[in-house]
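Structure file upload.csv with CSV, C-alpha atoms:
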chain,number,residue,atom,x,y,z
A,29,MET,CA,-4.9,-11.9,29.2
A,30,VAL,CA,-4.1,-15.4,30.4
A,31,ASP,CA,-1.9,-15.1,33.5
A,32,ASP,CA,0.4,-18.1,32.7
A,33,MET,CA,1.3,-16.6,29.4
A,34,ASN,CA,2.1,-13.1,30.6
A,35,GLU,CA,5.8,-12.4,31.2
A,36,GLY,CA,5.7,-8.7,30.4
A,37,GLY,CA,3.6,-7.0,33.0
A,38,PRO,CA,0.3,-5.1,32.2
A,39,ARG,CA,-1.8,-5.4,29.2
A,40,GLY,CA,-0.1,-3.8,26.1
A,41,ARG,CA,-1.1,-0.3,25.4
A,42,CYS,CA,0.3,3.0,24.3
A,43,ALA,CA,-0.2,6.7,25.1
A,44,PRO,CA,-3.9,7.6,24.6
A,45,ALA,CA,-4.9,9.1,21.2
A,46,THR,CA,-4.7,12.8,21.1
A,47,SER,CA,-7.9,13.0,19.0
A,48,PRO,CA,-11.3,11.3,19.7
A,49,LEU,CA,-11.9,11.0,16.0
A,50,VAL,CA,-11.6,7.7,14.4
A,51,PRO,CA,-10.3,7.2,10.8
A,52,ASP,CA,-12.6,6.8,7.8
A,53,PHE,CA,-10.1,4.9,5.8
A,54,ILE,CA,-7.2,2.4,6.3
A,55,GLU,CA,-4.5,2.9,3.7
A,56,VAL,CA,-2.1,0.0,3.4
A,57,ASP,CA,0.8,-0.4,0.9
A,58,HIS,CA,4.3,-1.7,0.8
A,59,PHE,CA,7.5,-1.8,-1.2
A,60,GLY,CA,10.3,-4.4,-1.2
A,61,LEU,CA,13.5,-5.6,-3.0
A,62,ALA,CA,15.0,-9.1,-3.1
A,63,CYS,CA,18.5,-9.7,-1.8
A,64,GLY,CA,21.2,-9.1,-4.4
A,65,GLY,CA,21.6,-12.1,-6.7
A,66,GLU,CA,18.1,-13.5,-5.9
A,67,HIS,CA,15.1,-13.3,-8.2
A,68,LEU,CA,12.6,-14.0,-5.4
A,69,SER,CA,12.3,-12.2,-2.1
A,70,GLY,CA,12.2,-14.1,1.2
A,71,ASP,CA,10.0,-11.4,2.6
A,72,LEU,CA,6.3,-11.3,2.0
A,73,PHE,CA,3.8,-8.5,2.8
A,74,HIS,CA,0.2,-9.4,2.5
A,75,SER,CA,-3.0,-7.7,3.5
A,76,ARG,CA,-6.7,-8.7,3.6
A,77,SER,CA,-9.6,-6.3,3.8
A,78,LEU,CA,-12.5,-7.6,6.0
A,79,GLU,CA,-15.9,-6.5,7.1
A,80,GLU,CA,-16.5,-4.3,4.1
A,81,GLY,CA,-13.3,-2.4,4.6
A,82,ASN,CA,-13.9,-1.7,8.3
A,83,ARG,CA,-11.0,-4.0,9.2
A,84,VAL,CA,-7.7,-4.7,7.6
A,85,VAL,CA,-5.2,-7.4,8.7
A,86,SER,CA,-1.6,-7.1,7.4
A,87,VAL,CA,1.3,-9.5,7.8
A,88,LEU,CA,5.0,-9.0,7.1
A,89,ALA,CA,6.7,-12.4,7.2
A,90,ASP,CA,10.5,-12.9,6.8
A,91,GLY,CA,11.6,-16.4,5.9
A,92,LEU,CA,15.0,-17.6,7.1
A,93,SER,CA,17.8,-16.8,4.7
A,94,SER,CA,16.7,-15.6,1.2
A,95,GLY,CA,15.6,-17.0,-2.2
A,96,VAL,CA,13.0,-19.6,-3.0
A,97,GLU,CA,13.0,-21.6,0.2
A,98,ALA,CA,12.7,-18.4,2.3
A,99,ALA,CA,9.9,-17.2,0.1
A,100,VAL,CA,7.9,-20.4,0.6
A,101,LEU,CA,8.4,-20.3,4.4
A,102,ALA,CA,7.3,-16.6,4.5
A,103,SER,CA,4.3,-17.4,2.3
A,104,VAL,CA,3.2,-20.3,4.6
A,105,THR,CA,3.6,-18.1,7.7
A,106,ALA,CA,1.7,-15.1,6.2
A,107,SER,CA,-1.2,-17.3,5.0
A,108,MET,CA,-1.5,-19.0,8.4
A,109,ALA,CA,-1.2,-15.8,10.4
A,110,LEU,CA,-3.9,-14.1,8.3
A,111,GLU,CA,-6.3,-17.0,8.8
A,112,TYR,CA,-5.8,-17.1,12.6
A,113,VAL,CA,-5.9,-13.4,13.3
A,114,GLU,CA,-8.9,-13.0,11.0
A,115,TRP,CA,-11.0,-15.0,13.5
A,116,ASN,CA,-12.6,-12.7,16.1
A,117,ILE,CA,-11.1,-14.5,19.1
A,118,ASP,CA,-9.3,-13.4,22.2
A,119,THR,CA,-5.8,-11.9,21.8
A,120,ALA,CA,-4.2,-14.5,24.1
A,121,LYS,CA,-5.9,-17.4,22.3
A,122,ALA,CA,-4.9,-16.0,18.9
A,123,ALA,CA,-1.3,-15.7,20.1
A,124,ALA,CA,-1.2,-19.3,21.4
A,125,ILE,CA,-2.6,-20.6,18.1
A,126,LEU,CA,0.0,-18.7,16.1
A,127,MET,CA,3.0,-19.8,18.0
A,128,ASP,CA,1.8,-23.4,18.3
A,129,SER,CA,1.1,-23.7,14.6
A,130,LEU,CA,4.0,-22.0,12.9
A,131,PRO,CA,6.8,-24.3,11.8
A,132,VAL,CA,10.0,-24.5,13.9
A,133,ASP,CA,13.5,-25.6,12.9
A,134,PRO,CA,13.9,-28.9,14.8
A,135,VAL,CA,17.7,-28.4,15.4
A,136,ARG,CA,18.0,-24.7,16.3
A,137,ARG,CA,14.5,-24.5,17.8
A,138,ILE,CA,13.8,-21.2,16.1
A,139,SER,CA,10.9,-20.2,13.8
A,140,TYR,CA,11.3,-20.8,10.1
A,141,SER,CA,9.9,-17.3,9.6
A,142,THR,CA,9.7,-14.2,11.7
A,143,PHE,CA,6.5,-12.1,11.4
A,144,THR,CA,4.7,-8.9,12.3
A,145,ILE,CA,0.9,-8.8,12.2
A,146,VAL,CA,-1.3,-5.7,12.4
A,147,ASP,CA,-5.0,-6.0,12.9
A,148,ALA,CA,-6.5,-2.5,12.4
A,149,ARG,CA,-10.1,-1.4,12.5
A,150,ARG,CA,-11.8,1.8,11.5
A,151,ASP,CA,-13.2,2.3,15.0
A,152,GLY,CA,-9.5,2.7,16.1
A,153,ARG,CA,-9.1,-0.7,17.8
A,154,THR,CA,-5.6,-2.0,16.9
A,155,ARG,CA,-3.7,-5.2,17.7
A,156,ILE,CA,-0.1,-5.9,16.8
A,157,PHE,CA,1.7,-9.3,17.1
A,158,GLU,CA,5.5,-9.3,16.7
A,159,HIS,CA,7.9,-12.2,16.5
A,160,GLY,CA,11.5,-11.6,15.5
A,161,ASN,CA,11.1,-8.7,13.2
A,162,PRO,CA,12.2,-5.2,14.0
A,163,PRO,CA,9.7,-3.4,16.3
A,164,VAL,CA,6.9,-1.6,14.6
A,165,LEU,CA,6.9,2.2,14.7
A,166,LEU,CA,3.7,4.2,15.6
A,167,ILE,CA,3.9,7.7,14.3
A,168,ARG,CA,1.3,10.2,15.5
A,169,ASP,CA,1.4,14.0,15.0
A,170,GLY,CA,4.9,13.9,13.6
A,171,ALA,CA,6.4,12.0,16.6
A,172,LEU,CA,7.0,8.4,17.7
A,173,VAL,CA,4.6,7.1,20.2
A,174,PRO,CA,6.1,4.4,22.5
A,175,LEU,CA,4.2,1.1,22.5
A,176,GLU,CA,3.9,-1.0,25.7
A,177,ARG,CA,4.2,-4.6,24.7
A,178,THR,CA,3.1,-7.7,26.6
A,179,VAL,CA,5.6,-10.5,26.2
A,180,LEU,CA,4.0,-13.9,25.9
A,181,GLY,CA,5.8,-17.2,26.4
A,182,GLN,CA,5.1,-20.9,27.0
A,183,PRO,CA,7.5,-23.7,28.0
A,184,ARG,CA,6.6,-25.5,24.8
A,185,TRP,CA,7.7,-22.5,22.7
A,186,GLY,CA,11.3,-22.8,24.0
A,187,ASN,CA,13.1,-19.4,23.7
A,188,ARG,CA,10.6,-18.1,21.3
A,189,ARG,CA,8.5,-15.1,22.4
A,190,LEU,CA,5.6,-13.2,21.0
A,191,ARG,CA,5.1,-9.5,21.8
A,192,VAL,CA,1.5,-8.1,21.7
A,193,SER,CA,0.3,-4.5,21.7
A,194,GLU,CA,-3.3,-3.3,21.9
A,195,PHE,CA,-4.2,0.3,21.7
A,196,GLN,CA,-6.7,2.9,20.2
A,197,SER,CA,-5.6,4.5,17.0
A,198,SER,CA,-6.7,8.0,15.9
A,199,VAL,CA,-6.9,9.9,12.6
A,200,GLY,CA,-3.4,10.4,11.1
A,201,ASP,CA,-1.7,7.5,12.8
A,202,ARG,CA,0.9,5.6,10.7
A,203,ILE,CA,2.2,2.1,11.6
A,204,VAL,CA,5.5,1.2,10.0
A,205,LEU,CA,6.6,-2.4,9.6
A,206,CYS,CA,10.1,-3.4,8.4
A,207,SER,CA,12.1,-6.5,7.8
A,208,ASP,CA,15.6,-6.6,9.2
A,209,GLY,CA,16.9,-5.8,5.7
A,210,VAL,CA,16.0,-2.2,6.6
A,211,THR,CA,17.4,-1.9,10.1
A,212,GLN,CA,20.5,-4.0,9.3
A,213,SER,CA,21.3,-2.3,6.0
A,214,GLY,CA,24.9,-1.1,5.7
A,215,MET,CA,26.1,-3.6,8.3
A,216,GLY,CA,29.9,-4.1,8.1
A,217,THR,CA,30.5,-0.8,6.2
A,218,PRO,CA,32.8,1.8,7.6
A,219,ALA,CA,29.9,4.2,8.0
A,220,LEU,CA,27.5,1.7,9.5
A,221,PRO,CA,29.5,-1.1,11.1
A,222,LEU,CA,26.5,-2.3,13.2
A,223,GLY,CA,23.9,-1.5,10.5
A,224,TRP,CA,21.5,1.4,10.1
A,225,GLY,CA,19.6,0.6,13.3
A,226,GLU,CA,16.0,1.2,14.4
A,227,PRO,CA,16.5,4.7,15.8
A,228,GLU,CA,18.1,6.0,12.6
A,229,ALA,CA,15.4,4.4,10.4
A,230,ALA,CA,12.7,6.0,12.6
A,231,ALA,CA,14.4,9.4,12.5
A,232,TYR,CA,14.6,9.1,8.7
A,233,ALA,CA,10.9,8.3,8.4
A,234,LEU,CA,10.0,11.2,10.6
A,235,SER,CA,12.2,13.6,8.6
A,236,ARG,CA,10.5,12.6,5.3
A,237,LEU,CA,7.1,13.0,6.9
A,238,ALA,CA,8.1,16.4,8.3
A,239,ARG,CA,9.1,17.5,4.7
A,240,SER,CA,6.0,15.9,3.1
A,241,PRO,CA,3.2,15.2,5.6
A,242,ASP,CA,0.8,13.8,2.9
A,243,LEU,CA,3.2,11.1,1.7
A,244,SER,CA,1.3,8.0,0.6
A,245,SER,CA,2.0,4.7,2.2
A,246,ARG,CA,3.5,3.4,-1.0
A,247,ARG,CA,5.9,6.4,-1.3
A,248,LEU,CA,7.0,6.4,2.3
A,249,ALA,CA,7.8,2.6,2.0
A,250,GLU,CA,9.7,3.2,-1.2
A,251,LEU,CA,11.8,6.0,0.5
A,252,LEU,CA,12.7,3.7,3.4
A,253,VAL,CA,13.7,0.8,1.2
A,254,ASP,CA,15.6,3.1,-1.2
A,255,ARG,CA,17.6,4.5,1.7
A,256,ALA,CA,18.3,1.0,3.0
A,257,LEU,CA,19.6,0.0,-0.5
A,258,TRP,CA,21.8,3.1,-0.5
A,259,ASN,CA,23.2,2.1,2.9
A,260,ASP,CA,24.1,-1.3,1.3
A,261,GLY,CA,26.0,0.5,-1.5
A,262,GLY,CA,23.4,-0.2,-4.1
A,263,ALA,CA,23.3,-4.0,-3.8
A,264,ALA,CA,20.8,-5.3,-1.2
A,265,GLY,CA,22.6,-7.4,1.4
A,266,ASP,CA,19.3,-9.0,2.4
A,267,ASP,CA,15.7,-8.9,1.4
A,268,ILE,CA,14.4,-5.4,2.2
A,269,THR,CA,10.7,-4.8,2.8
A,270,CYS,CA,8.7,-2.0,4.4
A,271,GLY,CA,4.9,-1.8,4.9
A,272,ILE,CA,2.9,1.2,6.0
A,273,ILE,CA,-0.6,1.4,7.5
A,274,HIS,CA,-2.1,4.9,7.5
A,275,LEU,CA,-5.4,5.6,9.3
A,276,ARG,CA,-6.9,8.7,7.9
A,277,ARG,CA,-9.6,10.5,5.9
A,278,PRO,CA,-10.0,9.1,2.4
A,279,ARG,CA,-8.4,10.7,-0.7
A,280,VAL,CA,-10.7,10.6,-3.7
A,281,LEU,CA,-9.6,10.6,-7.4
A,282,GLN,CA,-12.0,10.9,-10.3
A,283,VAL,CA,-10.9,9.6,-13.6
A,284,LEU,CA,-12.9,11.0,-16.6
A,285,THR,CA,-12.5,9.1,-19.8
A,286,GLY,CA,-14.4,8.7,-23.0
A,287,PRO,CA,-17.1,11.0,-24.5
A,288,PRO,CA,-20.7,10.6,-23.2
A,289,PHE,CA,-23.0,8.5,-25.4
A,290,ASP,CA,-25.4,11.5,-25.7
A,291,ARG,CA,-23.7,14.7,-26.7
A,292,ALA,CA,-26.4,16.6,-24.7
A,293,ARG,CA,-24.7,15.4,-21.6
A,294,ASP,CA,-21.3,16.9,-22.5
A,295,ARG,CA,-21.8,19.9,-20.2
A,296,GLU,CA,-22.9,17.7,-17.3
A,297,PHE,CA,-19.9,15.5,-17.8
A,298,ALA,CA,-17.5,18.4,-18.0
A,299,ALA,CA,-19.0,19.9,-14.8
A,300,LEU,CA,-17.5,17.0,-12.9
A,301,VAL,CA,-14.1,18.6,-13.1
A,302,ASP,CA,-15.2,21.5,-10.9
A,303,ARG,CA,-17.0,19.3,-8.3
A,304,PRO,CA,-15.1,19.7,-5.0
A,305,GLY,CA,-13.7,17.0,-2.8
A,306,SER,CA,-11.5,15.1,-5.2
A,307,ARG,CA,-8.6,15.3,-7.6
A,308,LYS,CA,-9.3,14.9,-11.3
A,309,VAL,CA,-7.6,13.0,-14.1
A,310,VAL,CA,-8.7,13.1,-17.8
A,311,CYS,CA,-7.9,10.3,-20.2
A,312,GLY,CA,-8.5,10.7,-23.9
A,313,GLY,CA,-8.0,13.3,-26.6
A,314,THR,CA,-11.7,13.6,-27.4
A,315,THR,CA,-12.6,13.7,-23.7
A,316,SER,CA,-10.2,16.6,-23.1
A,317,ASN,CA,-11.4,18.5,-26.1
A,318,ILE,CA,-15.0,18.2,-24.8
A,319,LEU,CA,-14.0,19.5,-21.4
A,320,ALA,CA,-11.9,22.4,-22.9
A,321,ARG,CA,-14.9,23.4,-25.0
A,322,GLU,CA,-17.5,23.2,-22.3
A,323,LEU,CA,-15.3,24.8,-19.6
A,324,ASN,CA,-13.6,27.3,-21.9
A,325,ARG,CA,-10.2,26.1,-20.9
A,326,GLU,CA,-6.9,25.5,-22.7
A,327,VAL,CA,-5.3,22.1,-23.1
A,328,GLU,CA,-1.5,22.5,-23.4
A,329,MET,CA,1.0,19.7,-24.2
A,330,ASP,CA,3.4,18.8,-21.4
A,331,LEU,CA,6.7,17.6,-22.8
A,332,ALA,CA,8.3,16.9,-19.4
A,333,LEU,CA,7.5,13.2,-19.8
A,334,PRO,CA,8.5,12.2,-23.3
A,335,ASP,CA,8.3,8.5,-24.1
A,336,ARG,CA,8.2,6.4,-27.2
A,337,GLU,CA,5.6,3.9,-25.8
A,338,VAL,CA,3.1,6.3,-24.3
A,339,PRO,CA,1.9,9.6,-25.7
A,340,ALA,CA,3.0,12.7,-23.8
A,341,PRO,CA,0.5,14.1,-21.2
A,342,SER,CA,-1.1,17.5,-21.3
A,343,ALA,CA,-2.2,20.1,-18.7
A,344,MET,CA,-5.5,21.8,-18.0
A,345,ALA,CA,-6.6,24.1,-15.2
A,346,GLY,CA,-8.3,22.2,-12.4
A,347,VAL,CA,-7.0,18.8,-13.5
A,348,GLU,CA,-4.0,16.9,-12.1
A,349,LEU,CA,-3.2,15.0,-15.3
A,350,VAL,CA,-4.5,14.9,-18.9
A,351,THR,CA,-3.4,11.8,-20.9
A,352,GLU,CA,-4.2,10.0,-24.2
A,353,GLY,CA,-6.9,7.4,-23.8
A,354,CYS,CA,-6.8,3.7,-24.5
A,355,LEU,CA,-3.1,3.3,-25.1
A,356,THR,CA,-2.2,5.0,-21.9
A,357,LEU,CA,-4.9,3.1,-19.9
A,358,ALA,CA,-3.7,-0.2,-21.3
A,359,LYS,CA,-0.2,0.6,-20.2
A,360,VAL,CA,-1.5,1.5,-16.7
A,361,GLY,CA,-3.1,-1.9,-16.5
A,362,GLN,CA,0.2,-3.6,-17.5
A,363,TYR,CA,2.1,-1.6,-14.9
A,364,LEU,CA,-0.4,-2.5,-12.2
A,365,GLU,CA,-0.3,-6.2,-13.2
A,366,ALA,CA,3.5,-6.2,-13.1
A,367,GLY,CA,3.7,-4.3,-9.8
A,368,ALA,CA,6.2,-1.9,-11.2
A,369,CYS,CA,6.6,1.1,-13.6
A,370,PRO,CA,9.8,0.5,-15.5
A,371,ARG,CA,9.5,3.8,-17.4
A,372,ARG,CA,8.8,7.4,-16.5
A,373,ASN,CA,5.8,8.5,-18.6
A,374,ALA,CA,2.2,9.6,-18.5
A,375,ALA,CA,1.1,6.0,-17.6
A,376,SER,CA,3.5,5.8,-14.6
A,377,ARG,CA,2.3,9.2,-13.4
A,378,LEU,CA,-1.3,8.0,-13.6
A,379,VAL,CA,-0.3,4.9,-11.6
A,380,GLU,CA,1.2,7.1,-8.9
A,381,LEU,CA,-2.0,9.1,-8.7
A,382,LEU,CA,-4.1,5.9,-8.4
A,383,LEU,CA,-1.9,4.5,-5.7
A,384,GLU,CA,-1.9,7.8,-3.8
A,385,SER,CA,-5.7,7.7,-3.6
A,386,ASP,CA,-8.1,5.6,-1.6
A,387,VAL,CA,-11.3,5.9,-3.5
A,388,ILE,CA,-11.1,6.0,-7.3
A,389,HIS,CA,-14.3,7.0,-9.2
A,390,PHE,CA,-14.1,6.2,-12.9
A,391,GLN,CA,-16.5,8.4,-14.9
A,392,VAL,CA,-16.7,6.6,-18.2
A,393,GLY,CA,-18.3,7.9,-21.3
A,394,THR,CA,-20.0,5.2,-23.4
A,395,ALA,CA,-19.8,6.7,-26.9
A,396,VAL,CA,-17.9,4.1,-29.0
A,397,ASN,CA,-14.7,5.4,-30.6
A,398,GLU,CA,-14.6,4.1,-34.1
A,399,ALA,CA,-10.8,4.2,-34.1
A,400,HIS,CA,-10.7,1.5,-31.4
A,401,GLN,CA,-13.9,-0.5,-31.8
A,402,ASP,CA,-16.4,-1.7,-34.4
A,403,PRO,CA,-19.6,0.0,-33.3
A,404,ALA,CA,-21.6,-3.0,-34.5
A,405,LEU,CA,-20.2,-5.1,-31.7
A,406,PRO,CA,-21.9,-5.4,-28.3
A,407,VAL,CA,-21.3,-2.5,-25.9
A,408,GLU,CA,-19.7,-4.9,-23.4
A,409,LEU,CA,-16.8,-5.5,-25.8
A,410,ASP,CA,-15.9,-1.8,-25.8
A,411,ILE,CA,-12.1,-1.7,-25.3
A,412,ARG,CA,-12.1,1.3,-22.9
A,413,ARG,CA,-14.6,-0.1,-20.5
A,414,ASN,CA,-12.8,-3.5,-20.4
A,415,VAL,CA,-9.5,-1.8,-19.6
A,416,ILE,CA,-11.1,0.3,-16.9
A,417,LYS,CA,-12.7,-2.8,-15.3
A,418,ARG,CA,-9.3,-4.5,-15.3
A,419,ILE,CA,-7.6,-1.6,-13.7
A,420,ALA,CA,-10.4,-1.3,-11.1
A,421,ALA,CA,-10.0,-5.1,-10.2
A,422,LEU,CA,-6.2,-4.7,-9.8
A,423,LEU,CA,-6.6,-1.7,-7.6
A,424,GLU,CA,-9.1,-3.5,-5.4
A,425,THR,CA,-7.4,-6.9,-5.1
A,426,ARG,CA,-3.8,-5.9,-4.9
A,427,HIS,CA,-3.9,-2.4,-3.3
A,428,LEU,CA,-7.2,-2.6,-1.3
A,429,LYS,CA,-8.6,0.5,-3.0
A,430,LYS,CA,-12.2,1.2,-3.3
A,431,THR,CA,-13.4,1.8,-6.9
A,432,LEU,CA,-16.6,3.1,-8.3
A,433,LEU,CA,-17.7,3.1,-12.0
A,434,SER,CA,-20.3,5.5,-13.4
A,435,TYR,CA,-21.3,5.5,-17.1
A,436,TYR,CA,-22.4,8.5,-19.2
Using the file provided, produce a representation of the structure as structure tokens.
Amino acid sequence: MVDDMNEGGPRGRCAPATSPLVPDFIEVDHFGLACGGEHLSGDLFHSRSLEEGNRVVSVLADGLSSGVEAAVLASVTASMALEYVEWNIDTAKAAAILMDSLPVDPVRRISYSTFTIVDARRDGRTRIFEHGNPPVLLIRDGALVPLERTVLGQPRWGNRRLRVSEFQSSVGDRIVLCSDGVTQSGMGTPALPLGWGEPEAAAYALSRLARSPDLSSRRLAELLVDRALWNDGGAAGDDITCGIIHLRRPRVLQVLTGPPFDRARDREFAALVDRPGSRKVVCGGTTSNILARELNREVEMDLALPDREVPAPSAMAGVELVTEGCLTLAKVGQYLEAGACPRRNAASRLVELLLESDVIHFQVGTAVNEAHQDPALPVELDIRRNVIKRIAALLETRHLKKTLLSYY
């Protein structure tokens, strides 16, 4: 670390990892709400997967105020931060470039956007840059691990400071990033006159993980944001955003859909259900009938999720979810495109399973369903396969999932 930038003592580090194991997968997801009365959030969470998934850089930027102007400022900050941290350069140099490049209010001499950056690698090396946002939380083995931060400053930065942490992560670590809409939620109310606060937010996250240790990053972020919204009385007093980075073993989901082109492969296709190491989803009435026949299992209608837009799901032993085929998959694509599930139905449940997983393996039968497609048309135009490709692309680009496609 460059001496003339170091105002905080020794190089940032945290308690040593309790396990020598390094994670196989970096799960990243977030959830956020715009300030009440605004259509656009001034917070922006953005991630980029690098080096074939061996490294993920995530940024949570919070533009001044809220609305369109704040959203633009946060977007500029997040884009610049991603570019600079992506370069494999010394931490001190990266910090200097960041602080020198980001826009500053010429009157108040404060940054137009606060930010938190996490640079996480599968070998465990982790760097965190923090400027103005609530401090990140490092959760390991169900408890908070204190981070030692090096405080960097330069005369040309005025009163602005950047806090940097560098440490070795291990399997199971969660890194929680929040905007001040979380920690300041409820401010001014009789119950929380000074806001929720960082200790209470951390305690809430720990309590939810103690109750459900396998919570996905998306779900934990939703829970924290929902609680902040509850603190605000149901109307967000500020933009509220939470991002979670979870370093762990990958969770695999197999999605079986469509009958095999050759009926002689039905038994081979059905045997995928009993292959260990992953959860299973079946999409399609014909597909589920083939599996029921080959595996000698019952398929029972599940009326717990009735919906006028999407057919109700079914249940089968050894399978997490059984749904109708093309209509449900098309709705899944719409929900992923919109970034929200406005209804509770079979499609929304499938979206949950997809987002809770890290590796999604689509096992696609290639027999053409005459109810959906003219069999005289080229194979590439098959509706089911096009929908699956769209879903896979959305999962990879927006949620950093790894997807695989196999055809039968």
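Comparing the minimum interatomic distances between A:Arg188 and each of A:Asp128, A:Asp90, A:Glu176, A:Asp208, counting all atoms listed in the file, we find that A:Asp128 sits nearest.
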Using Å and a single decimal, report how far atom CA of A:Ile145 sits from atom CA of A:Thr178.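 For atom CA of A:Thr178 relative to atom CA of A:Ile145, the distance reads 14.6 Å.
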For a cutoff of 7 Å around the file-coordinate point (0.8, 0.7, 16.6), which residues qualify once you count all atoms listed in the file? I'd like the result as a PyMOL selection string. chain A and resi 154+156+164-166+175+203
Written selection (C-alpha atoms) as an mmCIF file, keeping the file's coordinate frame:
data_model
loop_
_atom_site.group_PDB
_atom_site.id
_atom_site.type_symbol
_atom_site.label_atom_id
_atom_site.label_comp_id
_atom_site.auth_asym_id
_atom_site.auth_seq_id
_atom_site.Cartn_x
_atom_site.Cartn_y
_atom_site.Cartn_z
ATOM 1 C CA THR A 154 -5.600 -2.000 16.900
ATOM 2 C CA ILE A 156 -0.100 -5.900 16.800
ATOM 3 C CA VAL A 164 6.900 -1.600 14.600
ATOM 4 C CA LEU A 165 6.900 2.200 14.700
ATOM 5 C CA LEU A 166 3.700 4.200 15.600
ATOM 6 C CA LEU A 175 4.200 1.100 22.500
ATOM 7 C CA ILE A 203 2.200 2.100 11.600
#
Quote the spacing between atom CA of A:His427 and atom CA of A:Pro163 in Å to one decimal place.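 Spanning atom CA of A:His427 to atom CA of A:Pro163 is a straight-line distance of 23.9 Å.
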With only C-alpha atoms as the basis for distance, which of A:Leu422, A:Leu205, A:Val199, A:Val327 is at the shortest distance from A:Asp151?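 Counting only C-alpha atoms, the residue closest to A:Asp151 is A:Val199.
Nearest residue to A:His274 among A:Ala148, A:Leu61, A:Val132, A:Ile318 is A:Ala148, counting all atoms listed in the file.
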Kindly provide, as a VMD selection string, the polymer residues lying within 6 Å of (-18.2, 17.2, -20.7), counting only C-alpha atoms and using the coordinates exactly as they appear in the file. chain A and resid 294 to 298 318 to 319
Find the spatial neighbours of A:Ala299, counting all atoms listed in the file, within a cut-off of 12 Å - ignore same-chain residues fewer than 5 positions away - and output them as a ChimeraX atom specification. /A:284,293-294,304,308,318-324,346,391
Could you pull the residues within 9 Å of A:Ser77, counting all atoms listed in the file, minus those fewer than 5 positions along the same chain, as a list in words?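 So the residues in contact are Asn82, Arg83, Val84, Val85, Ser86 and Leu428 of chain A.
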Dump as a PDB file, keeping the file's coordinate frame, selection limited to C-alpha atoms:
ATOM      1  CA  ASN A  82     -13.900  -1.700   8.300  1.00  0.00           C
ATOM      2  CA  ARG A  83     -11.000  -4.000   9.200  1.00  0.00           C
ATOM      3  CA  VAL A  84      -7.700  -4.700   7.600  1.00  0.00           C
ATOM      4  CA  VAL A  85      -5.200  -7.400   8.700  1.00  0.00           C
ATOM      5  CA  SER A  86      -1.600  -7.100   7.400  1.00  0.00           C
ATOM      6  CA  LEU A 428      -7.200  -2.600  -1.300  1.00  0.00           C
TER       7      LEU A 428
END
Just the number, please: distance in Å from atom CA of A:Arg307 to atom CA of A:Leu78, one decimal. 26.9 Å
For A:Gly91, which residue out of A:Asn116, A:Thr356, A:Ser129, A:Ser141 is the nearest one, using all atoms listed in the file?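 So, comparing all the options, the nearest one is A:Ser141.
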For A:Gly353, list every protein, DNA or RNA residue within 9 Å, evaluated using all atoms listed in the file, and leave out those in the same chain fewer than 4 positions away; present the list as a compact mmCIF listing (two decimals) with C-alpha atoms, in the frame of the given file.
# COMPACT_ATOMS: atom_id res chain seq x y z
CA THR A 285 -12.50 9.10 -19.80
CA GLY A 286 -14.40 8.70 -23.00
CA VAL A 310 -8.70 13.10 -17.80
CA CYS A 311 -7.90 10.30 -20.20
CA GLY A 312 -8.50 10.70 -23.90
CA GLY A 313 -8.00 13.30 -26.60
CA THR A 314 -11.70 13.60 -27.40
CA THR A 315 -12.60 13.70 -23.70
CA LEU A 357 -4.90 3.10 -19.90
CA ALA A 358 -3.70 -0.20 -21.30
CA ARG A 412 -12.10 1.30 -22.90
